[in-house]
Structure formats: C-alpha cells, structure tokens
>>> print(open('query_8.cif').read())   # mmCIF, C-alpha atoms
data_run
loop_
_atom_site.label_atom_id
_atom_site.label_comp_id
_atom_site.auth_asym_id
_atom_site.auth_seq_id
_atom_site.Cartn_x
_atom_site.Cartn_y
_atom_site.Cartn_z
CA MET P 1 -40.93 100.72 -71.81
CA GLY P 2 -39.27 98.13 -73.97
CA ALA P 3 -40.49 94.57 -74.28
CA PRO P 4 -38.56 91.80 -72.52
CA HIS P 5 -35.70 90.41 -74.56
CA ASN P 6 -35.79 87.04 -76.26
CA ILE P 7 -32.74 85.52 -74.56
CA LYS P 8 -32.41 82.97 -77.37
CA ARG P 9 -31.22 85.89 -79.53
CA TYR P 10 -28.48 87.01 -77.13
CA GLY P 11 -25.18 87.07 -78.94
CA GLU P 12 -26.53 88.74 -82.11
CA VAL P 13 -24.39 91.69 -83.16
CA TRP P 14 -25.15 94.93 -84.98
CA PRO P 15 -24.00 95.04 -88.62
CA GLU P 16 -20.69 96.86 -88.96
CA PHE P 17 -22.10 99.33 -91.53
CA ARG P 18 -24.66 100.55 -88.94
CA ILE P 19 -21.95 101.18 -86.36
CA GLN P 20 -19.61 102.85 -88.86
CA SER P 21 -22.27 105.15 -90.33
CA GLY P 22 -23.29 106.20 -86.81
CA LEU P 23 -19.69 106.85 -85.77
CA GLU P 24 -19.04 108.91 -88.92
CA ILE P 25 -21.86 111.39 -88.32
CA LEU P 26 -21.25 111.53 -84.57
CA GLU P 27 -17.58 112.38 -85.18
CA LYS P 28 -18.71 115.34 -87.32
CA LEU P 29 -21.26 116.46 -84.70
CA LYS P 30 -18.92 115.73 -81.77
CA ASN P 31 -18.45 119.32 -80.55
CA LYS P 32 -22.09 120.33 -81.07
CA VAL P 33 -24.11 117.54 -79.43
CA ILE P 34 -24.64 115.63 -76.21
CA ILE P 35 -25.19 111.96 -76.98
CA SER P 36 -28.02 110.07 -75.32
CA GLY P 37 -29.68 106.65 -75.56
CA GLY P 38 -27.91 103.57 -76.90
CA TRP P 39 -25.04 105.54 -78.39
CA ALA P 40 -24.32 107.13 -74.99
CA TRP P 41 -24.05 103.63 -73.48
CA HIS P 42 -21.85 102.68 -76.44
CA PHE P 43 -19.36 105.44 -75.64
CA MET P 44 -19.53 104.74 -71.90
CA SER P 45 -18.56 101.11 -72.59
CA GLU P 46 -15.04 99.80 -72.89
CA VAL P 47 -13.26 100.63 -76.14
CA GLY P 48 -13.40 97.71 -78.56
CA HIS P 49 -16.43 96.02 -77.00
CA THR P 50 -18.55 93.61 -79.06
CA GLU P 51 -21.58 95.37 -80.56
CA TYR P 52 -24.28 93.07 -79.21
CA LYS P 53 -27.80 94.06 -80.27
CA HIS P 54 -29.12 93.62 -76.75
CA ALA P 55 -26.37 95.68 -75.10
CA HIS P 56 -26.92 99.06 -76.79
CA ASP P 57 -29.75 100.25 -79.01
CA HIS P 58 -28.22 101.42 -82.29
CA LYS P 59 -31.48 101.64 -84.28
CA ASP P 60 -31.26 105.42 -84.10
CA ILE P 61 -29.00 108.14 -82.73
CA ASP P 62 -30.36 110.32 -79.93
CA VAL P 63 -28.68 113.69 -79.42
CA PHE P 64 -29.33 116.79 -77.36
CA VAL P 65 -28.16 120.11 -78.72
CA LYS P 66 -27.73 123.32 -76.76
CA LYS P 67 -29.69 126.16 -78.32
CA GLU P 68 -26.51 128.04 -79.28
CA HIS P 69 -25.34 125.02 -81.34
CA VAL P 70 -28.62 124.17 -83.10
CA ALA P 71 -27.94 126.09 -86.33
CA GLU P 72 -24.44 124.63 -86.70
CA ALA P 73 -25.63 121.08 -85.95
CA VAL P 74 -28.46 121.36 -88.48
CA MET P 75 -26.03 122.74 -91.07
CA ILE P 76 -23.69 119.78 -90.54
CA LEU P 77 -26.60 117.34 -90.89
CA GLN P 78 -27.77 119.01 -94.11
CA GLN P 79 -24.24 119.06 -95.55
CA GLU P 80 -24.04 115.33 -94.83
CA GLY P 81 -27.29 114.64 -96.71
CA PHE P 82 -29.68 114.39 -93.76
CA GLN P 83 -33.20 115.71 -94.19
CA LYS P 84 -35.88 116.70 -91.69
CA VAL P 85 -38.52 113.99 -91.39
CA TRP P 86 -41.95 114.70 -89.94
CA THR P 87 -43.15 112.46 -87.12
CA ARG P 88 -46.26 112.18 -85.01
CA TYR P 89 -44.31 113.79 -82.15
CA ASP P 90 -43.51 117.05 -83.96
CA HIS P 91 -46.61 118.92 -82.82
CA LEU P 92 -46.75 117.65 -79.25
CA PRO P 93 -45.88 120.19 -76.56
CA SER P 94 -42.40 119.52 -75.25
CA GLN P 95 -39.58 121.47 -73.68
CA GLU P 96 -37.05 119.64 -75.86
CA ASN P 97 -38.21 120.88 -79.32
CA PHE P 98 -37.90 117.41 -80.88
CA ARG P 99 -36.91 116.92 -84.53
CA ARG P 100 -35.93 113.89 -86.57
CA TYR P 101 -33.35 113.82 -89.35
CA GLU P 102 -32.71 110.91 -91.69
CA LYS P 103 -30.36 109.91 -94.44
CA THR P 104 -30.68 106.83 -96.63
CA LEU P 105 -27.56 105.12 -97.94
CA GLU P 106 -27.54 102.68 -100.83
CA MET P 107 -25.50 99.66 -99.80
CA GLY P 108 -24.46 98.71 -103.34
CA ASN P 109 -26.36 95.41 -103.37
CA GLY P 110 -29.75 96.98 -104.01
CA LYS P 111 -30.38 97.32 -100.28
CA PHE P 112 -30.67 100.56 -98.36
CA HIS P 113 -29.66 101.65 -94.87
CA ARG P 114 -31.39 104.49 -93.07
CA ILE P 115 -29.59 106.55 -90.43
CA THR P 116 -32.05 108.22 -88.06
CA ILE P 117 -31.11 111.01 -85.69
CA ASP P 118 -33.57 112.09 -83.02
CA PHE P 119 -32.62 115.66 -82.18
CA PHE P 120 -33.68 117.36 -78.96
CA GLU P 121 -32.86 120.92 -77.88
CA ARG P 122 -31.90 121.36 -74.27
CA ASN P 123 -29.45 123.50 -72.29
CA ASP P 124 -29.58 122.05 -68.78
CA LEU P 125 -28.11 118.56 -69.02
CA GLU P 126 -25.47 117.11 -66.74
CA THR P 127 -22.86 115.38 -68.87
CA VAL P 128 -19.72 113.29 -68.66
CA ASP P 129 -16.91 112.69 -71.13
CA ALA P 130 -16.85 109.12 -72.40
CA ASN P 131 -14.22 107.99 -74.86
CA GLY P 132 -13.89 111.52 -76.26
CA PHE P 133 -17.62 112.19 -76.63
CA THR P 134 -19.96 114.21 -74.43
CA VAL P 135 -22.78 112.01 -73.15
CA VAL P 136 -25.67 112.43 -70.75
CA LYS P 137 -24.62 111.61 -67.18
CA PRO P 138 -25.59 107.97 -66.46
CA ASP P 139 -28.10 108.58 -63.64
CA LEU P 140 -29.84 111.29 -65.66
CA LEU P 141 -29.81 109.09 -68.76
CA LEU P 142 -31.56 106.34 -66.80
CA SER P 143 -34.35 108.77 -65.90
CA PHE P 144 -35.03 109.34 -69.63
CA TYR P 145 -36.31 105.78 -70.00
CA ARG P 146 -39.63 106.99 -68.63
CA ASN P 147 -40.35 109.42 -71.47
CA ILE P 148 -37.63 109.92 -74.12
CA HIS P 149 -36.04 106.49 -74.65
CA SER P 150 -37.78 103.14 -74.79
CA SER P 151 -35.17 100.37 -74.75
CA ASP P 152 -34.91 100.05 -70.96
CA LYS P 153 -34.24 96.30 -71.17
CA CYS P 154 -30.85 96.77 -72.86
CA TRP P 155 -28.01 95.21 -70.91
CA ALA P 156 -26.26 98.55 -70.46
CA VAL P 157 -29.36 100.16 -68.92
CA MET P 158 -29.91 97.28 -66.52
CA ALA P 159 -26.20 97.07 -65.64
CA ALA P 160 -25.93 100.84 -65.07
CA LYS P 161 -28.94 100.76 -62.73
CA ASP P 162 -27.36 97.95 -60.74
CA LEU P 163 -23.92 99.57 -60.63
CA LEU P 164 -25.28 102.96 -59.55
CA GLU P 165 -27.35 101.33 -56.80
CA LYS P 166 -24.08 99.83 -55.52
CA GLY P 167 -22.34 103.22 -55.70
CA ILE P 168 -20.18 102.20 -58.68
CA ASP P 169 -19.60 104.58 -61.60
CA PRO P 170 -20.76 102.72 -64.74
CA VAL P 171 -18.61 104.74 -67.17
CA GLY P 172 -16.04 102.37 -68.64
CA HIS P 173 -17.39 99.38 -66.72
CA PRO P 174 -17.28 96.06 -68.64
CA LYS P 175 -20.83 95.14 -67.56
CA LEU P 176 -22.23 97.79 -69.95
CA SER P 177 -21.53 95.51 -72.91
CA GLU P 178 -21.46 92.04 -71.33
CA ILE P 179 -23.99 89.27 -71.89
CA PRO P 180 -25.87 88.93 -68.57
CA LYS P 181 -25.34 85.67 -66.71
#
>>> encode(input="query_8.cif", output="structure tokens")
Amino acid sequence: MGAPHNIKRYGEVWPEFRIQSGLEILEKLKNKVIISGGWAWHFMSEVGHTEYKHAHDHKDIDVFVKKEHVAEAVMILQQEGFQKVWTRYDHLPSQENFRRYEKTLEMGNGKFHRITIDFFERNDLETVDANGFTVVKPDLLLSFYRNIHSSDKCWAVMAAKDLLEKGIDPVGHPKLSEIPK
C-alpha cells in the first residue's frame, strides 16, 4: 500500500510532457488494451481536469491485454520504440503474465524521460468505457490495490471508494480529480 501523502505538496501537477507521451501511446494501443491504475482514473475523470500528482498516478501506465491482442499490442509497442525490460517480478508465478516495456525520450535539454508500461495478460476483466477508452470497472480496479497497484492513497482511489459506498457511480465524477477538503 502507498505511503500517506504529504499534504503540503497538494497542488503539484504532472509535467505536460509526461501526460502527452502517455496519451500518445495509449491512443495507439486504444483498441488493444484495457487501462488500469492511475491512467484508468485519469480517463474516468472529467475531461480537462487538472493533472494533480496526488489525484492520479502517472509514473507508469498499467494495461491489461486480452490474449488474442497480445501480439498486436507488443508489435505496436516495438514499432513505437518500446523495449522489454526485465524486472524482479518476471519469474514470479502469476495468472497475469506480467511484462514491462519502456521507452526513453530525450527532452532536448540533455534530460531524459522514461515511459514505463506495465503489461498484464488477462481475459476476464469487467470494463467500462471512459472518455473513449476501455478501463477496468471502478469496483474491480479498487480491488487491485491489494496486489497489482500500490498508490491507494491517490485522491481518485479514495474518492471512488467513498462514492461507491454511497451507491454513486464514480465515472465522470468531479471528486476523482479534486483536492480533498
């Protein structure tokens, strides 16, 4: 589980290049993947929301791929310059067949930006459409914070839990990207 947030840092936003590079690859993978984690909350949020660091985790991109789309998704990643990266999780037994892909971009100022995609294979996910992307259904997504995702203190996660407990559908709800009061 994620560490408690430092509320003094609330209001910090993700750099635009991180959001844009994530959106670019997700647009290309759109019909092959089911988006999970922070990017799923991103798409479930209102269009045009502020990209607060504590609202949605954009450090990496978590996707699930149905077995029949794996080859095509990998081909797209390779065509876009992503490479398989070995992790300590690669040899652990898992039903999701985890893989990580990364691409490093030079920012032009001597700095580099790494795009990381955590890629899981799975055929049995309940999904919803959110702003034109297929994402893991919110209640199922919340259950992944026990074993697949770690940023359970993000505002969207906490807001979605609260909304679902009240019987309110969190998809499109403004609380998913709002600074908590």
>>> resolve_selection(input="query_8.cif", expression="the PyMOL selection byres ((chain P and resi 138-145) around 12)", output="number ranges by chain")
P: 1-2, 34-45, 62-64, 124-130, 134-137, 146-154, 156-165, 167-173, 176
>>> atom_distance(input="query_8.cif", atom1="CA of Leu26 (chain P)", atom2="CA of Lys175 (chain P)")
23.6 Å
>>> atom_distance(input="query_8.cif", atom1="CA of Val74 (chain P)", atom2="CA of Glu16 (chain P)")
25.7 Å
>>> resolve_selection(input="query_8.cif", expression="the PyMOL selection byres ((chain P and resi 32) around 9)", output="short mmCIF file (atom, residue, chain, number, x, y, z; two decimals) with C-alpha atoms, keeping the file's coordinate frame")
data_model
loop_
_atom_site.label_atom_id
_atom_site.label_comp_id
_atom_site.auth_asym_id
_atom_site.auth_seq_id
_atom_site.Cartn_x
_atom_site.Cartn_y
_atom_site.Cartn_z
CA LYS P 28 -18.71 115.34 -87.32
CA LEU P 29 -21.26 116.46 -84.70
CA LYS P 30 -18.92 115.73 -81.77
CA ASN P 31 -18.45 119.32 -80.55
CA VAL P 33 -24.11 117.54 -79.43
CA ILE P 34 -24.64 115.63 -76.21
CA PHE P 64 -29.33 116.79 -77.36
CA VAL P 65 -28.16 120.11 -78.72
CA LYS P 66 -27.73 123.32 -76.76
CA HIS P 69 -25.34 125.02 -81.34
CA VAL P 70 -28.62 124.17 -83.10
CA GLU P 72 -24.44 124.63 -86.70
CA ALA P 73 -25.63 121.08 -85.95
#
>>> atom_distance(input="query_8.cif", atom1="CA of Lys103 (chain P)", atom2="CA of Thr116 (chain P)")
6.8 Å
>>> closest_residue(input="query_8.cif", among="P:Ile76, P:Ala55, P:Ile117, P:Leu23", to="Phe98 (chain P)", atoms="all atoms listed in the file")
P:Ile117
>>> resolve_selection(input="query_8.cif", expression="the PyMOL selection byres ((chain P and resi 179) around 9)", output="list of chain:residue names")
P:Tyr10, P:Gly11, P:Tyr52, P:His54, P:Ala55, P:Trp155, P:Lys175, P:Leu176, P:Ser177, P:Glu178, P:Pro180, P:Lys181
>>> closest_residue(input="query_8.cif", among="P:Thr87, P:Ser94, P:Ser21, P:Gln79", to="Asp60 (chain P)", atoms="all atoms listed in the file")
P:Ser21
>>> residues_around(input="query_8.cif", residues="Gln83 (chain P)", least_positions_apart="5", cutoff="8 Å", atoms="only C-alpha atoms", output="PyMOL selection string")
chain P and resi 77-78+101-103
>>> closest_residue(input="query_8.cif", among="P:His113, P:Arg99, P:Lys84, P:His91", to="Ile19 (chain P)", atoms="all atoms listed in the file")
P:His113
>>> closest_residue(input="query_8.cif", among="P:Phe120, P:His58, P:Glu51, P:Gly132", to="Asp90 (chain P)", atoms="all atoms listed in the file")
P:Phe120
